[in-house]
>>> print(open('run-v1.csv').read())   # CSV, C-alpha atoms
chain,number,residue,atom,x,y,z
B,1,MET,CA,4.3,-53.1,-15.0
B,2,GLU,CA,4.7,-49.3,-15.0
B,3,ASP,CA,1.1,-49.0,-14.0
B,4,ARG,CA,1.7,-51.4,-11.1
B,5,ILE,CA,4.6,-49.2,-9.9
B,6,GLN,CA,2.4,-46.1,-10.2
B,7,ALA,CA,-0.4,-47.8,-8.3
B,8,HIS,CA,1.9,-48.7,-5.5
B,9,LEU,CA,3.2,-45.1,-5.2
B,10,ASN,CA,-0.4,-43.9,-5.2
B,11,ALA,CA,-1.1,-46.1,-2.2
B,12,LEU,CA,2.1,-44.9,-0.4
B,13,PHE,CA,1.0,-41.2,-1.0
B,14,LYS,CA,-2.6,-41.8,-0.1
B,15,ASP,CA,-2.6,-39.9,3.2
B,16,ALA,CA,0.1,-37.4,2.2
B,17,PRO,CA,-1.0,-33.7,2.1
B,18,ASP,CA,-1.7,-32.3,-1.3
B,19,THR,CA,1.1,-29.7,-1.6
B,20,ARG,CA,3.4,-28.8,-4.5
B,21,ARG,CA,6.4,-30.2,-2.7
B,22,VAL,CA,4.7,-33.5,-2.1
B,23,ALA,CA,3.6,-33.7,-5.7
B,24,GLU,CA,7.1,-33.0,-6.9
B,25,ALA,CA,8.6,-35.7,-4.6
B,26,ARG,CA,6.1,-38.2,-5.9
B,27,GLU,CA,7.0,-37.5,-9.5
B,28,GLU,CA,10.7,-37.7,-8.7
B,29,LEU,CA,10.1,-41.0,-6.9
B,30,LEU,CA,8.1,-42.3,-9.8
B,31,ALA,CA,10.9,-41.3,-12.3
B,32,GLY,CA,13.5,-43.0,-10.0
B,33,CYS,CA,11.4,-46.2,-9.8
B,34,LEU,CA,10.8,-46.3,-13.6
B,35,ASP,CA,14.5,-45.7,-14.3
B,36,LYS,CA,15.5,-48.5,-11.9
B,37,TYR,CA,12.9,-50.9,-13.4
B,38,ALA,CA,14.1,-50.2,-16.9
B,39,ASP,CA,17.7,-50.7,-15.9
B,40,LEU,CA,17.0,-54.0,-14.1
B,41,THR,CA,15.0,-55.5,-16.9
B,42,ALA,CA,17.6,-54.4,-19.4
B,43,ALA,CA,20.1,-56.2,-17.3
B,44,GLY,CA,18.1,-59.4,-17.8
B,45,ARG,CA,16.0,-59.5,-14.6
B,46,SER,CA,12.4,-60.8,-15.0
B,47,PRO,CA,9.6,-58.2,-14.8
B,48,GLU,CA,8.3,-59.6,-11.5
B,49,ASP,CA,11.8,-59.8,-10.0
B,50,ALA,CA,12.5,-56.2,-11.1
B,51,TYR,CA,9.2,-55.0,-9.7
B,52,ILE,CA,9.9,-56.5,-6.3
B,53,ALA,CA,13.4,-55.0,-6.3
B,54,VAL,CA,12.1,-51.6,-7.2
B,55,ILE,CA,9.3,-51.6,-4.6
B,56,SER,CA,11.6,-52.8,-1.8
B,57,GLY,CA,14.1,-50.1,-2.7
B,58,ILE,CA,11.7,-47.3,-2.1
B,59,GLY,CA,12.1,-47.4,1.7
B,60,ASP,CA,10.3,-45.3,4.2
B,61,VAL,CA,8.2,-42.7,2.4
B,62,ASP,CA,7.1,-41.2,5.8
B,63,GLU,CA,10.7,-40.2,6.3
B,64,LEU,CA,10.6,-38.2,3.0
B,65,LEU,CA,7.2,-36.7,3.9
B,66,ARG,CA,8.5,-35.7,7.3
B,67,ALA,CA,11.4,-33.9,5.7
B,68,ILE,CA,9.0,-32.0,3.3
B,69,GLU,CA,6.7,-31.2,6.2
B,70,ARG,CA,9.5,-29.7,8.2
B,71,ILE,CA,10.6,-27.5,5.3
B,72,ASP,CA,7.0,-26.4,4.6
B,73,ALA,CA,6.5,-25.5,8.3
B,74,GLN,CA,9.8,-23.6,8.3
B,75,ASN,CA,8.8,-21.6,5.2
B,76,ALA,CA,5.4,-20.8,6.7
B,77,SER,CA,6.9,-19.4,9.8
B,78,HIS,CA,9.5,-17.4,7.7
B,79,SER,CA,6.8,-15.9,5.5
B,80,ALA,CA,4.7,-15.0,8.6
B,81,GLU,CA,7.8,-13.2,10.0
B,82,ALA,CA,8.3,-11.4,6.7
B,83,LEU,CA,4.7,-10.4,6.7
B,84,ARG,CA,4.9,-8.9,10.2
B,85,LYS,CA,8.0,-6.9,9.1
B,86,LYS,CA,6.2,-5.7,6.0
B,87,ARG,CA,3.2,-4.6,7.9
B,88,ALA,CA,5.3,-2.8,10.5
B,89,PHE,CA,7.1,-1.0,7.7
B,90,PHE,CA,3.8,0.2,6.2
B,91,ILE,CA,2.4,1.3,9.5
B,92,ALA,CA,5.6,3.2,10.3
B,93,ALA,CA,5.5,4.9,6.9
B,94,GLY,CA,1.9,5.9,7.3
B,95,VAL,CA,2.4,7.4,10.7
B,96,PHE,CA,5.5,9.2,9.4
B,97,LEU,CA,3.4,10.7,6.6
B,98,TYR,CA,0.9,11.9,9.1
B,99,ILE,CA,3.5,13.6,11.2
B,100,LEU,CA,5.2,15.0,8.1
B,101,SER,CA,1.8,16.5,7.1
B,102,LEU,CA,1.6,18.5,10.3
B,103,GLY,CA,5.1,19.8,9.9
B,104,VAL,CA,4.8,20.7,6.2
B,105,ALA,CA,1.4,22.3,6.8
B,106,SER,CA,2.7,24.5,9.6
B,107,ILE,CA,5.8,25.6,7.7
B,108,LEU,CA,3.7,26.4,4.6
B,109,ASN,CA,1.2,28.2,6.7
B,110,GLU,CA,4.1,30.4,8.0
B,111,TYR,CA,5.8,31.1,4.7
B,112,ALA,CA,3.2,30.6,2.1
B,113,ASP,CA,-0.6,31.0,2.2
B,114,SER,CA,-2.9,28.8,4.2
B,115,ARG,CA,-4.6,27.3,1.1
B,116,ASN,CA,-1.4,25.8,0.0
B,117,ALA,CA,-0.8,24.6,3.5
B,118,ALA,CA,-4.2,22.9,3.5
B,119,THR,CA,-3.6,21.2,0.1
B,120,ALA,CA,-0.3,19.9,1.1
B,121,PHE,CA,-1.7,18.7,4.4
B,122,LEU,CA,-4.6,16.9,2.9
B,123,ALA,CA,-2.4,15.3,0.2
B,124,LEU,CA,0.1,14.0,2.8
B,125,ILE,CA,-2.8,12.7,5.0
B,126,ALA,CA,-4.3,11.0,2.0
B,127,ALA,CA,-0.9,9.4,1.1
B,128,GLY,CA,-0.5,8.3,4.7
B,129,THR,CA,-3.9,6.7,4.9
B,130,PHE,CA,-3.4,5.0,1.6
B,131,VAL,CA,-0.1,3.5,2.8
B,132,LEU,CA,-1.7,2.3,6.1
B,133,ILE,CA,-4.7,0.7,4.5
B,134,TYR,CA,-2.6,-0.8,1.7
B,135,GLY,CA,-0.2,-2.2,4.2
B,136,VAL,CA,-2.9,-3.8,6.3
B,137,ILE,CA,-4.8,-5.2,3.3
B,138,SER,CA,-1.9,-6.5,1.4
B,139,THR,CA,-0.4,-8.3,4.3
B,140,ARG,CA,-3.8,-9.7,5.3
B,141,ALA,CA,-4.3,-11.3,1.8
B,142,SER,CA,-1.1,-13.3,2.2
B,143,VAL,CA,-2.0,-14.4,5.7
B,144,LYS,CA,-5.3,-15.9,4.4
B,145,LYS,CA,-3.7,-17.9,1.7
B,146,PRO,CA,-3.4,-21.5,3.0
B,147,VAL,CA,0.1,-23.0,2.7
B,148,SER,CA,-1.4,-26.1,1.3
B,149,SER,CA,-4.8,-27.3,0.4
B,150,LEU,CA,-6.2,-28.8,3.5
B,151,THR,CA,-9.4,-30.6,4.4
B,152,GLY,CA,-12.0,-30.8,7.1
B,153,GLU,CA,-10.8,-29.7,10.6
B,154,ILE,CA,-7.9,-27.6,9.4
B,155,GLN,CA,-10.0,-25.8,6.9
B,156,LYS,CA,-12.4,-24.9,9.7
B,157,GLN,CA,-9.5,-23.4,11.7
B,158,LEU,CA,-8.4,-21.4,8.6
B,159,ASP,CA,-11.9,-20.0,8.5
B,160,ILE,CA,-11.6,-18.9,12.1
B,161,ILE,CA,-8.3,-17.3,11.3
B,162,SER,CA,-9.7,-15.4,8.3
B,163,THR,CA,-12.7,-14.1,10.3
B,164,SER,CA,-10.3,-12.9,13.0
B,165,SER,CA,-8.3,-11.2,10.3
B,166,ASP,CA,-11.5,-9.4,9.3
B,167,THR,CA,-11.8,-8.2,12.8
B,168,LYS,CA,-8.2,-7.1,12.7
B,169,LEU,CA,-8.8,-5.2,9.5
B,170,LEU,CA,-11.7,-3.4,11.1
B,171,GLY,CA,-9.6,-2.6,14.1
B,172,ALA,CA,-6.8,-1.3,11.8
B,173,VAL,CA,-9.2,0.8,9.8
B,174,THR,CA,-11.0,2.4,12.7
B,175,SER,CA,-7.8,3.1,14.6
B,176,SER,CA,-6.2,4.8,11.6
B,177,MET,CA,-9.5,6.7,11.1
B,178,TRP,CA,-9.3,8.0,14.7
B,179,SER,CA,-5.7,9.1,14.4
B,180,LEU,CA,-6.6,10.8,11.2
B,181,LEU,CA,-9.4,12.7,12.9
B,182,VAL,CA,-7.1,13.8,15.7
B,183,VAL,CA,-4.6,15.1,13.2
B,184,VAL,CA,-7.4,16.9,11.3
B,185,TYR,CA,-8.7,18.4,14.5
B,186,LEU,CA,-5.3,19.6,15.5
B,187,PHE,CA,-4.8,21.0,12.1
B,188,ILE,CA,-8.0,23.0,11.9
B,189,GLY,CA,-7.4,24.1,15.4
B,190,PHE,CA,-3.9,25.4,15.0
B,191,ILE,CA,-4.4,26.8,11.4
B,192,PHE,CA,-7.9,28.1,11.5
B,193,ASP,CA,-8.4,28.4,15.2
B,194,TRP,CA,-11.5,26.2,15.0
B,195,TRP,CA,-11.0,24.4,18.3
B,196,HIS,CA,-14.7,25.0,18.8
B,197,PRO,CA,-16.9,23.7,17.2
B,198,GLY,CA,-14.1,21.7,15.5
B,199,TRP,CA,-14.3,19.1,18.3
B,200,LEU,CA,-17.6,18.0,16.7
B,201,ILE,CA,-15.3,15.9,14.4
B,202,PHE,CA,-15.3,13.3,17.2
B,203,PRO,CA,-19.0,12.6,17.4
B,204,PHE,CA,-18.8,12.5,13.6
B,205,GLY,CA,-16.1,9.9,14.0
B,206,SER,CA,-18.4,7.8,16.2
B,207,ILE,CA,-20.9,7.9,13.3
B,208,LEU,CA,-18.2,6.7,10.9
B,209,GLN,CA,-17.2,4.0,13.3
B,210,ILE,CA,-20.7,2.6,13.6
B,211,LEU,CA,-21.1,2.7,9.8
B,212,LEU,CA,-17.7,0.9,9.4
B,213,LYS,CA,-18.7,-1.8,11.9
B,214,ALA,CA,-22.1,-2.3,10.1
B,215,THR,CA,-20.5,-2.6,6.7
B,216,MET,CA,-17.3,-4.5,7.4
B,217,GLY,CA,-18.5,-6.7,10.3
B,218,LYS,CA,-19.6,-10.2,9.9
B,219,LYS,CA,-23.2,-9.7,10.9
B,220,GLY,CA,-23.9,-6.6,8.9
B,221,MET,CA,-26.3,-3.9,10.1
B,222,THR,CA,-27.9,-5.2,13.3
B,223,ARG,CA,-30.6,-3.5,15.3
B,224,GLY,CA,-28.0,-2.4,17.8
B,225,HIS,CA,-26.1,-0.7,15.0
B,226,ALA,CA,-29.2,1.0,13.7
B,227,TYR,CA,-30.2,2.5,17.1
B,228,ALA,CA,-26.7,3.6,17.9
B,229,LEU,CA,-26.6,5.3,14.5
B,230,ILE,CA,-29.9,7.1,15.0
B,231,TRP,CA,-28.9,8.5,18.3
B,232,THR,CA,-25.3,9.5,17.4
B,233,VAL,CA,-26.5,11.2,14.3
B,234,CYS,CA,-29.1,13.1,16.4
B,235,LEU,CA,-26.5,14.2,18.9
B,236,PHE,CA,-24.2,15.4,16.1
B,237,VAL,CA,-26.9,17.3,14.3
B,238,TYR,CA,-28.3,18.7,17.5
B,239,LEU,CA,-24.9,20.1,18.5
B,240,LEU,CA,-24.0,21.3,15.1
B,241,ILE,CA,-27.2,23.2,14.4
B,242,SER,CA,-27.3,24.6,17.9
B,243,PHE,CA,-23.8,25.9,17.7
B,244,ILE,CA,-24.3,27.5,14.3
B,245,THR,CA,-27.8,29.0,15.0
B,246,ASP,CA,-27.6,29.3,18.8
B,247,LEU,CA,-31.3,28.1,18.9
B,248,TRP,CA,-30.8,25.8,21.9
B,249,ASN,CA,-34.3,26.5,23.1
B,250,ILE,CA,-35.8,24.7,20.1
B,251,THR,CA,-33.3,22.3,18.7
B,252,TRP,CA,-33.7,19.8,21.5
B,253,ILE,CA,-36.9,18.8,19.7
B,254,ILE,CA,-34.8,16.5,17.6
B,255,PHE,CA,-34.6,13.9,20.4
B,256,PRO,CA,-38.4,13.3,20.9
B,257,VAL,CA,-38.6,13.2,17.1
B,258,ALA,CA,-35.9,10.6,16.9
B,259,LEU,CA,-37.7,8.6,19.6
B,260,CYS,CA,-40.9,8.7,17.5
B,261,VAL,CA,-38.9,7.6,14.4
B,262,GLN,CA,-37.4,4.7,16.3
B,263,GLN,CA,-40.7,3.5,17.7
B,264,MET,CA,-42.4,3.8,14.4
B,265,ALA,CA,-39.6,1.8,12.7
B,266,ARG,CA,-40.0,-0.9,15.4
B,267,LEU,CA,-43.8,-1.0,14.9
B,268,ALA,CA,-43.5,-1.2,11.2
B,269,LYS,CA,-41.1,-4.1,11.6
B,270,VAL,CA,-43.4,-5.9,14.0
B,271,TRP,CA,-46.4,-5.4,11.6
B,272,ARG,CA,-44.4,-6.6,8.6
B,273,GLU,CA,-43.4,-9.8,10.5
B,274,SER,CA,-46.9,-10.5,11.7
B,275,ASP,CA,-48.2,-10.0,8.1
B,276,GLU,CA,-45.6,-12.5,6.9
B,277,THR,CA,-46.7,-15.2,9.5
W,278,MET,CA,28.1,-54.1,8.1
W,279,SER,CA,25.4,-52.4,10.1
W,280,ILE,CA,27.8,-49.7,11.3
W,281,ALA,CA,28.7,-49.0,7.6
W,282,SER,CA,25.1,-48.7,6.5
W,283,ASP,CA,24.2,-46.5,9.4
W,284,MET,CA,27.1,-44.2,8.7
W,285,LEU,CA,26.2,-44.2,5.0
W,286,ARG,CA,22.7,-43.2,5.9
W,287,GLY,CA,23.8,-40.6,8.4
W,288,ASN,CA,26.1,-39.0,5.8
W,289,THR,CA,23.8,-39.1,2.8
W,290,ASP,CA,24.0,-35.3,2.3
W,291,MET,CA,27.8,-35.4,2.0
W,292,ILE,CA,27.8,-38.4,-0.3
W,293,VAL,CA,25.3,-36.7,-2.6
W,294,LEU,CA,27.3,-33.5,-2.7
W,295,ALA,CA,30.5,-35.5,-3.5
W,296,HIS,CA,28.7,-37.1,-6.5
W,297,LEU,CA,27.5,-33.7,-7.7
W,298,LEU,CA,30.9,-32.0,-7.4
W,299,HIS,CA,31.8,-33.0,-10.9
W,300,ARG,CA,28.5,-33.5,-12.7
W,301,GLU,CA,24.8,-32.7,-12.7
W,302,SER,CA,22.8,-35.7,-11.9
W,303,TYR,CA,19.5,-37.2,-10.8
W,304,GLY,CA,18.3,-39.6,-8.2
W,305,TYR,CA,18.6,-43.0,-9.8
W,306,GLN,CA,22.0,-42.1,-11.3
W,307,ILE,CA,23.4,-41.1,-7.9
W,308,ASN,CA,22.1,-44.2,-6.3
W,309,LYS,CA,23.5,-46.4,-9.0
W,310,HIS,CA,26.8,-44.7,-8.7
W,311,ILE,CA,26.9,-45.4,-4.9
W,312,GLN,CA,26.0,-49.0,-5.6
W,313,GLU,CA,28.8,-49.4,-8.1
W,314,LYS,CA,31.4,-47.6,-6.0
W,315,SER,CA,30.6,-49.8,-3.0
W,316,GLY,CA,31.0,-52.9,-5.2
W,317,GLY,CA,27.3,-53.7,-5.1
W,318,ARG,CA,27.1,-53.8,-1.3
W,319,PHE,CA,25.2,-50.6,-0.6
W,320,GLU,CA,22.3,-48.9,-2.1
W,321,LEU,CA,20.3,-46.0,-0.5
W,322,LYS,CA,16.6,-46.3,-0.2
W,323,GLU,CA,14.9,-43.8,-2.6
W,324,ALA,CA,13.0,-42.1,0.2
W,325,THR,CA,16.3,-41.5,2.1
W,326,LEU,CA,18.0,-40.1,-1.0
W,327,TYR,CA,15.1,-37.7,-1.9
W,328,GLY,CA,14.8,-36.5,1.7
W,329,ALA,CA,18.5,-35.6,1.4
W,330,PHE,CA,17.8,-33.7,-1.8
W,331,ARG,CA,15.1,-31.7,0.0
W,332,ARG,CA,17.3,-30.8,2.9
W,333,LEU,CA,20.2,-29.8,0.5
W,334,GLU,CA,17.8,-27.7,-1.6
W,335,GLU,CA,16.5,-25.9,1.4
W,336,ALA,CA,20.0,-25.2,2.7
W,337,GLY,CA,20.9,-23.7,-0.7
W,338,CYS,CA,23.5,-26.4,-1.4
W,339,VAL,CA,21.9,-27.7,-4.6
W,340,SER,CA,19.6,-26.3,-7.3
W,341,PHE,CA,17.4,-28.4,-9.5
W,342,TYR,CA,15.7,-28.4,-12.9
W,343,TRP,CA,13.2,-30.8,-14.5
W,344,GLY,CA,14.3,-33.0,-17.3
W,345,ASP,CA,12.2,-33.2,-20.5
W,346,GLU,CA,11.6,-37.0,-20.5
W,347,GLN,CA,8.7,-37.7,-22.8
W,348,THR,CA,7.8,-41.1,-21.4
W,349,GLY,CA,6.8,-41.7,-17.8
W,350,ALA,CA,7.7,-39.2,-15.1
W,351,ARG,CA,10.2,-36.3,-15.5
W,352,ARG,CA,13.5,-36.6,-13.7
W,353,ARG,CA,14.6,-33.9,-11.3
W,354,TYR,CA,18.2,-33.0,-12.1
W,355,TYR,CA,20.4,-31.5,-9.4
W,356,ARG,CA,23.5,-29.3,-9.6
W,357,ILE,CA,25.7,-28.2,-6.8
W,358,THR,CA,25.9,-24.5,-5.8
W,359,THR,CA,28.9,-22.5,-4.5
W,360,ALA,CA,27.4,-22.8,-1.0
W,361,GLY,CA,27.1,-26.5,-1.6
W,362,ARG,CA,30.8,-26.8,-2.4
W,363,GLU,CA,31.7,-24.9,0.8
W,364,THR,CA,29.4,-27.1,2.8
W,365,PHE,CA,31.0,-30.2,1.3
W,366,ALA,CA,34.5,-29.0,2.1
W,367,GLN,CA,33.5,-28.3,5.6
W,368,SER,CA,31.7,-31.6,6.1
W,369,VAL,CA,34.7,-33.6,4.7
W,370,GLY,CA,37.0,-31.7,7.2
W,371,GLU,CA,34.7,-32.6,10.1
W,372,TRP,CA,34.4,-36.2,8.9
W,373,ARG,CA,38.2,-36.7,8.8
W,374,GLU,CA,38.5,-35.2,12.2
W,375,ALA,CA,35.8,-37.5,13.6
W,376,ILE,CA,37.4,-40.6,12.0
W,377,ASP,CA,40.8,-39.5,13.3
W,378,LEU,CA,39.4,-39.1,16.8
W,379,ILE,CA,37.5,-42.5,16.7
W,380,GLU,CA,40.7,-44.2,15.5
W,381,LYS,CA,42.6,-42.8,18.4
W,382,LEU,CA,39.9,-43.8,20.9
W,383,ILE,CA,39.7,-47.4,19.7
W,384,ASP,CA,43.4,-47.9,19.0
W,385,GLN,CA,44.6,-51.0,20.9
W,386,LYS,CA,48.4,-50.5,20.4
W,387,GLU,CA,48.4,-47.4,22.6
W,388,GLU,CA,46.4,-49.2,25.3
W,389,GLU,CA,48.8,-52.1,25.3
W,390,LYS,CA,51.8,-49.8,25.5
W,391,GLU,CA,50.2,-48.0,28.5
W,392,ASN,CA,49.4,-51.2,30.2
W,393,GLY,CA,52.8,-52.7,29.6
W,394,ARG,CA,54.5,-49.8,31.3
>>> encode(input="run-v1.csv", output="C-alpha cells")
Amino acid sequence: MEDRIQAHLNALFKDAPDTRRVAEAREELLAGCLDKYADLTAAGRSPEDAYIAVISGIGDVDELLRAIERIDAQNASHSAEALRKKRAFFIAAGVFLYILSLGVASILNEYADSRNAATAFLALIAAGTFVLIYGVISTRASVKKPVSSLTGEIQKQLDIISTSSDTKLLGAVTSSMWSLLVVVYLFIGFIFDWWHPGWLIFPFGSILQILLKATMGKKGMTRGHAYALIWTVCLFVYLLISFITDLWNITWIIFPVALCVQQMARLAKVWRESDET
Amino acid sequence: MSIASDMLRGNTDMIVLAHLLHRESYGYQINKHIQEKSGGRFELKEATLYGAFRRLEEAGCVSFYWGDEQTGARRRYYRITTAGRETFAQSVGEWREAIDLIEKLIDQKEEEKENGR
C-alpha cells in the first residue's frame, strides 16, 4: 500500500519543477502520508479505507507548489540584487586602485626615484585590473547558474542570457583595458614626458580590442576581424617606425605591401575552396 | 462550521507556531494534535500545512532538521526560533484585537439598547 501512496504522489508532482525545495516538500509529504497511514491502520481501519483517508487528506498540492515557487522567485531576485551589489563593489575597488596608483606614483616620483614609482604604479594597476576582472567574472558565473533545472523553452532563454553575459564580459574587459591605457598614457606622459609618441598606445589599444573580440566573441576570428587587424597593425607599425627613424619618405611602402598580402590571402583562400569542391 | 474552517486555514501559521512553542515537531504530529484538540472536528490538509511550514521557514520563524527514519521517507522536524516566538506573540495580540472588534460589531445587546432609547 506504501507503493500505492508513493505512486499517487508521483502523479501529483508530475508537472512540478525539479528543484531542491520541491523534492524536499515531496519527501515531507510522503513521510506525512506514511505516518498517517500507519496510524490509521494501527487504529483498526482497513488498508483500503486508510488509503482513501490519506489521499483525501493531502489537499491541493498546487497550493504548496505555488508557495514554493513564490519563495524561489523571491530568493532569485534577492540573489540578483546581491550580485549587482557585489559587482559594483569590485568595480569601485578597481577604479579606486587605478586612481591610487596615479597618486602613489606621483608622490614616489617626487620623493623617491622614478623606478620605484614605476614599480608601485604597475603593481597597483595590476591589482586594480585583477579586482575588476575578478569582480566581473565571479558575478557572471553566479548569474549563469540556473535557479532550477529547467527544460525546453526556458533553457533556450537561459542560453540567450548566457551569451549576452559573454557580450557583457567582453564589454567589461575592453572598457577596463581602455581605462588602463589612458592611465598608462597619463603616467608615461607626466613622469617620462613621453606624450609623443606615447599616444601610439591608443592605436595599440585598437589592435588589442580586435584581438579580444576575435578570441572572446561568439563567432571567433571572422574575415572582418582579420582585415581590421591587418590594417590597424600596419598603421601602428608605420607610425612607430616613422617616428623612431623619421624615414617617412619610405615607410609608407608598408600599405601597398599590406594590400598585396591581403589580396594574396584572399586568392589563396579562393583556390583552397575551389580545390576542395 | 465553514467560518471556523476558513479561519483555521487562514491562521495556519499561528496555529503551527502555537504547537511548536513547547516542543519540536513534524507535520503529521502537528496535524494530529490539531485534530485531537478540536475534538476530531478539524484536520488541516497536508498541502496547506506544508505550505505554512515553507512560509514560516522563509520568514525565519522556524528552523528544521531531517529525522533519521530508516523506513520510508524522512520526517522534517521543525523548531521555533526567537523571531518565531515574537511573531507568535504579535499575531496572538492582533487576533485578540480582531476578535474583540468583531464581537463589538455583531453584538445585539448594544443595538437593542440603542434602539430602545
>>> closest_atom_pairs(input="run-v1.csv", of="chain W", to="chain B", cutoff="8 Å", atoms="all atoms listed in the file", output="tab-separated table")
residue	atom	partner	partner_atom	distance
W:Gly304	CA	B:Gly32	CA	6.2
W:Tyr305	CA	B:Gly32	CA	5.1
W:Leu321	CA	B:Gly57	CA	7.8
W:Lys322	CA	B:Gly59	CA	5.0
W:Glu323	CA	B:Ile58	CA	4.8
W:Ala324	CA	B:Val61	CA	5.3
W:Thr325	CA	B:Leu64	CA	6.6
W:Tyr327	CA	B:Leu64	CA	6.7
W:Gly328	CA	B:Leu64	CA	4.7
W:Arg331	CA	B:Ile68	CA	6.9
W:Arg332	CA	B:Ala67	CA	7.2
W:Glu335	CA	B:Ile71	CA	7.3
W:Gly349	CA	B:Ala31	CA	6.9
W:Ala350	CA	B:Ala31	CA	4.7
W:Arg351	CA	B:Ala31	CA	6.0
W:Arg352	CA	B:Ala31	CA	5.6
W:Arg353	CA	B:Glu28	CA	6.0
>>> write_last_selection(input="run-v1.csv", atoms="C-alpha atoms", output="PDB file, in the frame of the given file")
ATOM      1  CA  GLY W 304      18.300 -39.600  -8.200  1.00  0.00           C
ATOM      2  CA  TYR W 305      18.600 -43.000  -9.800  1.00  0.00           C
ATOM      3  CA  LEU W 321      20.300 -46.000  -0.500  1.00  0.00           C
ATOM      4  CA  LYS W 322      16.600 -46.300  -0.200  1.00  0.00           C
ATOM      5  CA  GLU W 323      14.900 -43.800  -2.600  1.00  0.00           C
ATOM      6  CA  ALA W 324      13.000 -42.100   0.200  1.00  0.00           C
ATOM      7  CA  THR W 325      16.300 -41.500   2.100  1.00  0.00           C
ATOM      8  CA  TYR W 327      15.100 -37.700  -1.900  1.00  0.00           C
ATOM      9  CA  GLY W 328      14.800 -36.500   1.700  1.00  0.00           C
ATOM     10  CA  ARG W 331      15.100 -31.700   0.000  1.00  0.00           C
ATOM     11  CA  ARG W 332      17.300 -30.800   2.900  1.00  0.00           C
ATOM     12  CA  GLU W 335      16.500 -25.900   1.400  1.00  0.00           C
ATOM     13  CA  GLY W 349       6.800 -41.700 -17.800  1.00  0.00           C
ATOM     14  CA  ALA W 350       7.700 -39.200 -15.100  1.00  0.00           C
ATOM     15  CA  ARG W 351      10.200 -36.300 -15.500  1.00  0.00           C
ATOM     16  CA  ARG W 352      13.500 -36.600 -13.700  1.00  0.00           C
ATOM     17  CA  ARG W 353      14.600 -33.900 -11.300  1.00  0.00           C
TER      18      ARG W 353
END
>>> residues_around(input="run-v1.csv", residues="Leu181 of chain B", least_positions_apart="6", cutoff="9 Å", atoms="all atoms listed in the file", output="list in words")
Ile201, Phe202 and Gly205 of chain B
>>> atom_distance(input="run-v1.csv", atom1="atom CA of Asp290 of chain W", atom2="atom CA of Phe330 of chain W")
7.6 Å
>>> closest_residue(input="run-v1.csv", among="W:Ser282, W:Asn308, W:Ala295, W:Lys386", to="Ser368 of chain W", atoms="only C-alpha atoms")
W:Ala295
>>> atom_distance(input="run-v1.csv", atom1="atom CA of Ala268 of chain B", atom2="atom CA of Pro203 of chain B")
28.8 Å
>>> residues_around(input="run-v1.csv", residues="Glu301 of chain W", least_positions_apart="5", cutoff="7 Å", atoms="all atoms listed in the file", output="VMD selection string")
chain W and resid 354 to 356
>>> build_atoms(input="run-v1.csv", residues="segment 381-392 of chain W", atoms="N, CA and C atoms", output="CSV table (one decimal), keeping the file's coordinate frame")
chain,number,residue,atom,x,y,z
W,381,LYS,N,41.8,-43.0,17.2
W,381,LYS,CA,42.6,-42.8,18.4
W,381,LYS,C,41.9,-43.5,19.6
W,382,LEU,N,40.6,-43.3,19.7
W,382,LEU,CA,39.9,-43.8,20.9
W,382,LEU,C,39.8,-45.4,20.9
W,383,ILE,N,39.8,-46.0,19.7
W,383,ILE,CA,39.7,-47.4,19.7
W,383,ILE,C,41.0,-48.1,19.5
W,384,ASP,N,42.1,-47.4,19.3
W,384,ASP,CA,43.4,-47.9,19.0
W,384,ASP,C,43.9,-48.8,20.2
W,385,GLN,N,44.2,-50.1,19.9
W,385,GLN,CA,44.6,-51.0,20.9
W,385,GLN,C,46.1,-50.9,21.2
W,386,LYS,N,46.9,-50.5,20.2
W,386,LYS,CA,48.4,-50.5,20.4
W,386,LYS,C,48.7,-49.6,21.5
W,387,GLU,N,48.1,-48.4,21.5
W,387,GLU,CA,48.4,-47.4,22.6
W,387,GLU,C,48.0,-48.0,23.9
W,388,GLU,N,46.9,-48.6,24.0
W,388,GLU,CA,46.4,-49.2,25.3
W,388,GLU,C,47.4,-50.2,25.8
W,389,GLU,N,47.9,-51.1,24.9
W,389,GLU,CA,48.8,-52.1,25.3
W,389,GLU,C,50.1,-51.5,25.8
W,390,LYS,N,50.5,-50.4,25.1
W,390,LYS,CA,51.8,-49.8,25.5
W,390,LYS,C,51.6,-49.2,26.9
W,391,GLU,N,50.5,-48.6,27.2
W,391,GLU,CA,50.2,-48.0,28.5
W,391,GLU,C,50.2,-49.1,29.6
W,392,ASN,N,49.5,-50.2,29.2
W,392,ASN,CA,49.4,-51.2,30.2
W,392,ASN,C,50.7,-51.9,30.5
